[in-house]
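Enquirer: The following file, start-v3.tsv, comprises TSV, C-alpha atoms:
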```tsv
chain	number	residue	atom	x	y	z
Z	1	MET	CA	-42.50	54.20	-61.40
Z	2	PHE	CA	-39.91	52.69	-63.73
Z	3	LEU	CA	-38.80	50.42	-60.89
Z	4	VAL	CA	-42.30	49.12	-60.20
Z	5	GLY	CA	-43.05	48.61	-63.89
Z	6	SER	CA	-39.83	46.68	-64.43
Z	7	PHE	CA	-40.53	44.61	-61.33
Z	8	PHE	CA	-43.95	43.60	-62.59
Z	9	LEU	CA	-42.59	42.80	-66.06
Z	10	PHE	CA	-39.82	40.54	-64.77
Z	11	ALA	CA	-42.01	38.99	-62.07
Z	12	ALA	CA	-44.67	38.08	-64.62
Z	13	PHE	CA	-42.00	36.55	-66.85
Z	14	LEU	CA	-40.53	34.64	-63.90
Z	15	ILE	CA	-43.88	33.17	-62.88
Z	16	THR	CA	-44.78	32.26	-66.46
Z	17	THR	CA	-41.47	30.52	-67.09
Z	18	CYS	CA	-41.71	28.63	-63.78
Z	19	ILE	CA	-45.17	27.38	-64.79
Z	20	PHE	CA	-43.78	26.30	-68.17
Z	21	VAL	CA	-40.98	24.42	-66.39
Z	22	ILE	CA	-43.35	22.15	-64.53
Z	23	PHE	CA	-45.92	21.68	-67.31
Z	24	SER	CA	-43.66	21.10	-70.33
Z	25	LYS	CA	-43.96	17.69	-71.92
Z	26	ASN	CA	-40.36	17.61	-73.05
Z	27	PRO	CA	-37.62	17.83	-70.37
Z	28	VAL	CA	-35.38	19.82	-72.74
Z	29	ASN	CA	-38.01	22.58	-72.89
Z	30	SER	CA	-38.22	22.47	-69.09
Z	31	VAL	CA	-34.47	23.03	-68.76
Z	32	LEU	CA	-34.52	25.93	-71.20
Z	33	PHE	CA	-37.43	27.57	-69.37
Z	34	LEU	CA	-35.50	27.04	-66.13
Z	35	VAL	CA	-32.64	29.03	-67.66
Z	36	LEU	CA	-35.10	31.81	-68.55
Z	37	ALA	CA	-36.47	31.81	-64.98
Z	38	PHE	CA	-32.96	32.18	-63.55
Z	39	LEU	CA	-32.26	35.00	-65.99
Z	40	ASN	CA	-35.40	36.85	-64.91
Z	41	SER	CA	-34.52	36.54	-61.24
Z	42	THR	CA	-31.07	37.89	-62.11
Z	43	PHE	CA	-32.75	40.95	-63.61
Z	44	LEU	CA	-34.87	41.33	-60.46
Z	45	PHE	CA	-31.80	41.19	-58.22
Z	46	ILE	CA	-29.98	43.78	-60.29
Z	47	LEU	CA	-33.11	45.95	-60.21
Z	48	ILE	CA	-33.03	46.25	-56.42
Z	49	GLY	CA	-29.28	46.76	-56.18
Z	50	ALA	CA	-27.99	43.28	-55.33
Z	51	GLU	CA	-25.73	43.10	-58.37
Z	52	PHE	CA	-23.20	40.60	-57.06
Z	53	VAL	CA	-25.71	37.90	-56.17
Z	54	GLY	CA	-27.51	38.51	-59.46
Z	55	ILE	CA	-24.40	38.02	-61.54
Z	56	ILE	CA	-23.33	35.01	-59.46
Z	57	LEU	CA	-26.80	33.56	-60.02
Z	58	ALA	CA	-26.38	34.00	-63.77
Z	59	ILE	CA	-22.90	32.47	-63.77
Z	60	VAL	CA	-23.49	29.56	-61.40
Z	61	TYR	CA	-27.06	28.62	-62.19
Z	62	ILE	CA	-27.24	29.31	-65.89
Z	63	GLY	CA	-23.62	28.55	-66.67
Z	64	ALA	CA	-23.18	25.46	-64.51
Z	65	VAL	CA	-26.30	23.93	-63.02
Z	66	ALA	CA	-28.72	24.40	-65.93
Z	67	ILE	CA	-26.13	23.23	-68.44
Z	68	LEU	CA	-25.49	20.18	-66.24
Z	69	PHE	CA	-29.22	19.47	-66.36
Z	70	LEU	CA	-29.18	19.91	-70.14
Z	71	PHE	CA	-26.30	17.44	-70.55
Z	72	VAL	CA	-28.05	14.85	-68.40
Z	73	VAL	CA	-31.35	15.28	-70.25
Z	74	MET	CA	-29.55	14.81	-73.54
Z	75	MET	CA	-27.71	11.74	-72.23
Z	76	LEU	CA	-30.83	9.95	-71.03
Z	77	ASP	CA	-33.24	8.40	-73.47
Z	78	ILE	CA	-36.58	9.12	-71.85
Z	79	GLN	CA	-39.98	7.96	-73.02
Z	80	ILE	CA	-42.08	11.01	-72.26
Z	81	THR	CA	-45.49	9.42	-72.70
Z	82	THR	CA	-45.03	6.80	-70.00
Z	83	LEU	CA	-44.12	9.43	-67.45
Z	84	MET	CA	-47.18	11.61	-67.86
Z	85	TYR	CA	-50.04	9.33	-66.90
Z	86	ASN	CA	-51.52	9.10	-63.41
Z	87	ILE	CA	-51.11	12.86	-62.92
Z	88	LYS	CA	-54.70	13.42	-61.82
Z	89	ARG	CA	-54.24	11.47	-58.61
Z	90	TYR	CA	-52.13	14.15	-57.00
Z	91	VAL	CA	-54.11	17.21	-58.15
Z	92	PRO	CA	-56.21	17.53	-54.92
Z	93	LEU	CA	-53.12	17.34	-52.73
Z	94	ALA	CA	-51.37	19.99	-54.80
Z	95	LEU	CA	-54.46	22.22	-54.77
Z	96	LEU	CA	-54.73	21.89	-50.99
Z	97	PHE	CA	-51.10	22.87	-50.56
Z	98	ALA	CA	-51.39	25.76	-52.99
Z	99	GLY	CA	-54.56	26.95	-51.26
Z	100	ILE	CA	-52.86	27.15	-47.88
Z	101	ILE	CA	-50.04	29.31	-49.20
Z	102	LEU	CA	-52.46	31.41	-51.28
Z	103	ALA	CA	-54.34	32.17	-48.06
Z	104	GLU	CA	-51.05	33.40	-46.63
Z	105	ILE	CA	-50.57	35.64	-49.66
Z	106	ILE	CA	-54.03	37.15	-49.29
Z	107	TYR	CA	-53.43	37.70	-45.58
Z	108	LEU	CA	-50.15	39.45	-46.33
Z	109	THR	CA	-51.52	41.69	-49.05
Z	110	VAL	CA	-54.61	42.74	-47.13
Z	111	PHE	CA	-53.51	42.94	-43.52
Z	112	LYS	CA	-49.75	43.30	-43.39
Z	113	THR	CA	-48.08	45.83	-45.62
Z	114	SER	CA	-44.42	46.69	-45.44
Z	115	LYS	CA	-43.60	50.40	-45.46
Z	116	ILE	CA	-39.87	50.06	-46.13
Z	117	ASN	CA	-38.93	51.99	-49.23
Z	118	ILE	CA	-35.86	51.18	-51.25
Z	119	ASP	CA	-35.00	54.78	-52.07
Z	120	THR	CA	-34.27	55.83	-48.48
Z	121	PHE	CA	-30.96	54.01	-48.08
Z	122	ILE	CA	-27.61	55.64	-48.68
Z	123	ARG	CA	-24.82	53.20	-49.51
Z	124	SER	CA	-21.24	54.17	-48.87
Z	125	LYS	CA	-19.70	51.18	-50.62
Z	126	ASN	CA	-20.83	49.17	-53.60
Z	127	ASN	CA	-22.52	45.83	-53.28
Z	128	THR	CA	-19.50	43.62	-54.00
Z	129	GLU	CA	-17.32	45.43	-51.44
Z	130	GLN	CA	-20.01	45.10	-48.81
Z	131	ILE	CA	-20.29	41.36	-49.37
Z	132	GLY	CA	-16.52	40.92	-49.39
Z	133	ASP	CA	-16.19	42.76	-46.08
Z	134	VAL	CA	-18.50	40.28	-44.39
Z	135	LEU	CA	-17.76	37.08	-46.32
Z	136	TYR	CA	-14.03	36.91	-45.61
Z	137	THR	CA	-14.18	38.01	-41.96
Z	138	LYS	CA	-17.40	37.07	-40.21
Z	139	TYR	CA	-18.27	34.08	-42.38
Z	140	PHE	CA	-14.72	32.85	-42.97
Z	141	ILE	CA	-15.30	29.36	-41.53
Z	142	ASP	CA	-18.57	29.00	-43.43
Z	143	PHE	CA	-16.82	30.08	-46.61
Z	144	GLN	CA	-14.19	27.36	-46.21
Z	145	LEU	CA	-16.86	24.81	-45.30
Z	146	SER	CA	-18.81	25.59	-48.46
Z	147	GLY	CA	-15.63	24.88	-50.41
Z	148	ILE	CA	-15.40	21.50	-48.67
Z	149	VAL	CA	-19.05	20.84	-49.56
Z	150	LEU	CA	-18.30	21.51	-53.22
Z	151	LEU	CA	-15.26	19.23	-53.11
Z	152	LEU	CA	-17.36	16.53	-51.47
Z	153	ALA	CA	-20.03	16.88	-54.14
Z	154	MET	CA	-17.43	16.60	-56.87
Z	155	ILE	CA	-15.86	13.47	-55.34
Z	156	GLY	CA	-19.30	11.99	-54.72
Z	157	ALA	CA	-20.44	12.55	-58.29
Z	158	ILE	CA	-17.24	11.00	-59.66
Z	159	VAL	CA	-17.45	7.98	-57.35
Z	160	LEU	CA	-21.12	7.44	-58.17
Z	161	THR	CA	-20.83	7.61	-61.93
Z	162	HIS	CA	-17.41	5.99	-62.34
Z	163	VAL	CA	-17.51	2.60	-64.04
Z	164	TYR	CA	-14.67	0.22	-63.16
Z	165	ARG	CA	-13.68	-1.97	-66.12
Z	166	PRO	CA	-10.99	-4.61	-65.41
Z	167	THR	CA	-10.21	-4.99	-69.12
Z	168	ILE	CA	-8.71	-1.51	-69.38
Z	169	LYS	CA	-4.90	-1.59	-69.01
Z	170	ARG	CA	-3.51	1.08	-66.71
Z	171	GLN	CA	0.01	2.22	-65.96
Z	172	ASN	CA	1.18	1.16	-62.49
Z	173	ILE	CA	4.14	3.39	-61.70
Z	174	ASP	CA	5.13	1.64	-58.45
Z	175	SER	CA	5.52	-1.75	-60.06
Z	176	GLN	CA	7.34	-0.12	-62.97
Z	177	ASN	CA	9.88	1.50	-60.67
Z	178	SER	CA	10.42	-1.59	-58.53
Z	179	THR	CA	11.21	-3.96	-61.38
Z	180	THR	CA	14.81	-4.92	-61.96
Z	181	ALA	CA	16.51	-6.18	-65.06
Z	182	LYS	CA	16.24	-9.80	-63.83
Z	183	ASP	CA	12.45	-9.72	-63.98
Z	184	ARG	CA	12.38	-8.71	-67.59
Z	185	VAL	CA	15.51	-9.99	-69.34
Z	186	GLN	CA	16.98	-13.46	-69.24
Z	187	LEU	CA	20.52	-14.16	-70.37
Z	188	VAL	CA	20.79	-17.47	-72.15
Z	189	LYS	CA	23.97	-19.18	-73.24
Z	190	ILE	CA	23.49	-21.30	-76.31
Z	191	LYS	CA	25.80	-24.17	-77.08
Z	192	SER	CA	26.23	-24.97	-80.68
Z	193	GLY	CA	23.90	-27.60	-82.05
Z	194	GLU	CA	21.51	-27.75	-79.01
Z	195	GLY	CA	19.19	-24.78	-79.44
Z	196	ILE	CA	17.32	-23.10	-76.57
Z	197	LYS	CA	15.72	-25.27	-73.90
Z	198	ASP	CA	12.63	-23.91	-72.22
Z	199	ASP	CA	12.72	-24.17	-68.40
P	200	MET	CA	-47.84	56.21	-57.29
P	201	THR	CA	-46.92	53.09	-55.39
P	202	SER	CA	-43.26	52.39	-54.88
P	203	LEU	CA	-41.48	49.06	-54.67
P	204	THR	CA	-41.76	47.46	-51.24
P	205	TYR	CA	-40.69	44.22	-49.63
P	206	ASN	CA	-44.26	42.96	-49.94
P	207	HIS	CA	-43.93	42.74	-53.71
P	208	PHE	CA	-40.93	40.46	-53.40
P	209	PHE	CA	-42.42	38.39	-50.61
P	210	ILE	CA	-45.52	37.67	-52.68
P	211	LEU	CA	-43.37	36.83	-55.70
P	212	TYR	CA	-41.35	34.49	-53.47
P	213	LEU	CA	-44.52	32.76	-52.27
P	214	ILE	CA	-45.87	32.35	-55.82
P	215	VAL	CA	-42.62	30.86	-57.10
P	216	PHE	CA	-42.47	28.62	-54.02
P	217	ILE	CA	-46.04	27.40	-54.67
P	218	ILE	CA	-45.18	26.64	-58.31
P	219	GLY	CA	-42.17	24.60	-57.22
P	220	CYS	CA	-44.12	22.64	-54.62
P	221	VAL	CA	-47.08	22.00	-56.94
P	222	GLY	CA	-44.60	20.77	-59.53
P	223	LEU	CA	-43.21	18.36	-56.93
P	224	PHE	CA	-46.70	17.03	-56.30
P	225	LEU	CA	-47.73	16.76	-59.95
P	226	ASN	CA	-44.54	15.34	-61.50
P	227	ARG	CA	-44.17	12.48	-59.10
P	228	ARG	CA	-42.81	10.07	-61.67
P	229	ASN	CA	-40.27	12.11	-63.58
P	230	MET	CA	-37.12	12.35	-61.48
P	231	ILE	CA	-35.42	15.07	-63.52
P	232	LEU	CA	-38.45	17.35	-63.18
P	233	ILE	CA	-38.39	16.78	-59.42
P	234	LEU	CA	-34.77	17.97	-59.35
P	235	MET	CA	-35.78	21.02	-61.41
P	236	CYS	CA	-38.62	21.78	-58.99
P	237	ILE	CA	-36.13	21.66	-56.12
P	238	GLU	CA	-34.03	24.20	-58.03
P	239	ILE	CA	-37.11	26.43	-58.40
P	240	ILE	CA	-37.79	26.21	-54.66
P	241	LEU	CA	-34.17	27.13	-53.88
P	242	LEU	CA	-34.46	30.05	-56.32
P	243	ALA	CA	-37.55	31.21	-54.43
P	244	ALA	CA	-35.62	31.04	-51.16
P	245	ASN	CA	-32.86	33.07	-52.79
P	246	ILE	CA	-35.35	35.72	-53.91
P	247	ASN	CA	-36.66	36.01	-50.37
P	248	PHE	CA	-33.19	36.21	-48.80
P	249	VAL	CA	-31.86	38.80	-51.24
P	250	SER	CA	-34.92	41.03	-51.21
P	251	ALA	CA	-35.13	40.97	-47.40
P	252	SER	CA	-31.43	41.77	-47.26
P	253	VAL	CA	-31.85	44.76	-49.58
P	254	PHE	CA	-34.97	46.15	-47.95
P	255	LEU	CA	-33.69	45.76	-44.38
P	256	ASN	CA	-30.30	47.18	-45.43
P	257	ASP	CA	-28.45	44.20	-43.98
P	258	ILE	CA	-25.82	42.50	-46.13
P	259	ASN	CA	-25.87	39.15	-44.28
P	260	GLY	CA	-28.85	37.92	-46.30
P	261	GLN	CA	-26.95	38.21	-49.56
P	262	VAL	CA	-23.99	36.32	-48.09
P	263	PHE	CA	-26.35	33.59	-46.99
P	264	SER	CA	-27.85	33.50	-50.47
P	265	ILE	CA	-24.37	32.74	-51.83
P	266	PHE	CA	-24.16	29.79	-49.43
P	267	ILE	CA	-27.57	28.58	-50.65
P	268	LEU	CA	-26.23	28.77	-54.20
P	269	THR	CA	-23.25	26.61	-53.20
P	270	ILE	CA	-25.47	24.00	-51.62
P	271	ALA	CA	-27.80	24.06	-54.64
P	272	ALA	CA	-24.91	23.41	-57.02
P	273	ALA	CA	-23.65	20.51	-54.88
P	274	GLU	CA	-27.16	19.09	-54.62
P	275	ALA	CA	-27.66	19.28	-58.38
P	276	ALA	CA	-24.36	17.49	-59.03
P	277	ILE	CA	-25.11	14.65	-56.60
P	278	GLY	CA	-28.74	14.36	-57.69
P	279	LEU	CA	-27.86	14.17	-61.36
P	280	ALA	CA	-25.14	11.59	-60.63
P	281	ILE	CA	-27.70	9.44	-58.82
P	282	LEU	CA	-30.10	9.97	-61.74
P	283	VAL	CA	-27.46	8.81	-64.25
P	284	ILE	CA	-26.62	5.61	-62.34
P	285	TYR	CA	-30.31	4.93	-61.77
P	286	PHE	CA	-30.96	5.27	-65.49
P	287	ARG	CA	-27.97	3.06	-66.23
P	288	ASN	CA	-29.30	0.31	-63.97
P	289	LYS	CA	-33.02	0.52	-64.74
P	290	GLY	CA	-33.27	2.04	-68.21
P	291	GLU	CA	-35.92	4.54	-67.05
P	292	ILE	CA	-36.28	7.40	-64.60
P	293	ASP	CA	-39.60	6.45	-63.04
P	294	ILE	CA	-39.22	7.36	-59.40
P	295	THR	CA	-41.88	4.95	-58.11
P	296	GLN	CA	-39.45	2.03	-58.29
P	297	ILE	CA	-36.52	3.79	-56.68
P	298	ASN	CA	-36.95	1.80	-53.45
P	299	GLN	CA	-35.42	-1.15	-55.28
P	300	LEU	CA	-32.06	0.61	-55.20
P	301	LYS	CA	-31.40	-0.79	-51.73
P	302	ASP	CA	-31.18	-4.38	-53.04
```
Taking this structure as input, can you express it in the form of structure tokens?
Expert:
Amino acid sequence: MFLVGSFFLFAAFLITTCIFVIFSKNPVNSVLFLVLAFLNSTFLFILIGAEFVGIILAIVYIGAVAILFLFVVMMLDIQITTLMYNIKRYVPLALLFAGIILAEIIYLTVFKTSKINIDTFIRSKNNTEQIGDVLYTKYFIDFQLSGIVLLLAMIGAIVLTHVYRPTIKRQNIDSQNSTTAKDRVQLVKIKSGEGIKDD
Amino acid sequence: MTSLTYNHFFILYLIVFIIGCVGLFLNRRNMILILMCIEIILLAANINFVSASVFLNDINGQVFSIFILTIAAAEAAIGLAILVIYFRNKGEIDITQINQLKD
């Protein structure tokens, strides 16, 4: 009973915050509602016993992705009013799409009901140990590949946003090491009364 | 009294998925909202994976959800980088003129 009540509370919050994300006028409000939506789904995951994914969702999404969004929104100077017109053109298409999936929901609630109950399972290990057992053995290659994907994303983001300015002076260590004293210093003998002649 | 079943989570997944897709349709001009809608859709996929994994007592779904999280983080980084350079070049984030990026 407590489980079902908590589920409905968090699900209602999740749906409400998702609606606020797409209908907010200000992108900053959208990002903050997105954070709230991620937090609610974290609660839902912890509610059904998937603690590790829930906490990872909180750390990665709220701590990294949503804050990245927030930084970008603050960096850009967006005129909100110019972006909001012409919204009515796409309403029929969106309603059609939503209607198709709503029909699926009605079909699922009326005709197909799942009888699996969460209370019947007995777990020998905790959630994190279970994931670790599979992640580092069966999915080892995929785990390494996801690291490569993250590296690639980092390099891609740096290459895309990097601005090359030729006026900035940089230290070139190779040319510094390969210079000899002759390149830098010139020994000049001065006779008395003649001064230095420029070559 | 009714207990918590997979159907609850599947319907929640579908509702969140609909909201994300409708947001994609409605906010066709604002590029940063499109990226946020993609995040909502990926969150919906995560909800479905994790709840199916819990209710079928199979841990592979949760592992896959971690991979989805990785891809979502990479996608957000690349998408926001493209958004920043697009804003730097054009001075706006209207997505209807993004086909001029190829010039």
Enquirer: Quick one: everything within 10 Å of Thr42 in chain Z, counting all atoms listed in the file, minus sequence neighbours fewer than 5 positions away in the same chain. Send it as a PyMOL selection string.
Expert: (chain Z and resi 10+36-37+47+50-59) or (chain P and resi 246)
Enquirer: Have a look at CA of Phe263 in chain P and CA of Val249 in chain P and let me know their distance in Å, one decimal.
Expert: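 Separating CA of Phe263 in chain P from CA of Val249 in chain P is a distance of 8.7 Å.
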Enquirer: From the list P:Ile294, P:Tyr285, P:Ala272, P:Asn247, which residue is nearest chain Z when using all atoms listed in the file?
Expert: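 Looking at the shortest contact to chain Z, the residue is P:Ala272.
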Enquirer: Pick out the residues sitting within 6 Å of Asn229 in chain P, and hand them over as a compact mmCIF listing (two decimals) with C-alpha atoms, in the frame of the given file; count all atoms listed in the file, and ignore anything fewer than 3 positions along from it in its own chain.
Expert:
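What landed in out-v4.txt:
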```txt
# COMPACT_ATOMS: atom_id res chain seq x y z
CA ASN P 226 -44.54 15.34 -61.50
CA LEU P 232 -38.45 17.35 -63.18
CA ASP P 293 -39.60 6.45 -63.04
```
Enquirer: So how far away is CA of Ala153 in chain Z from CA of Gly290 in chain P, in Å?
Expert: 24.4 Å
Enquirer: How far is it from CA of Glu291 in chain P to CA of Gly222 in chain P, in Å with one decimal?
Expert: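 CA of Gly222 in chain P lies at a distance of 19.9 Å from CA of Glu291 in chain P.
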Enquirer: Chain P residues within 6 Å of chain Z, counting all atoms listed in the file: which ones, as a PyMOL selection string?
Expert: chain P and resi 203-204+206+217+221-222+224-225+228+273+277+280
Enquirer: My list of candidates is P:Leu234, P:Leu282, P:Gln299, P:Val262. Which is closest to Tyr136 in chain Z when distances are computed with all atoms listed in the file?
Expert: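 Closest candidate: P:Val262.
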Enquirer: So, with all atoms listed in the file as the atoms that count, which of P:Ile258, P:Ile292, P:Asn298, P:Ile237 lies closest to Ile270 in chain P?
Expert: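 Distance minimum relative to Ile270 in chain P lands on P:Ile237.
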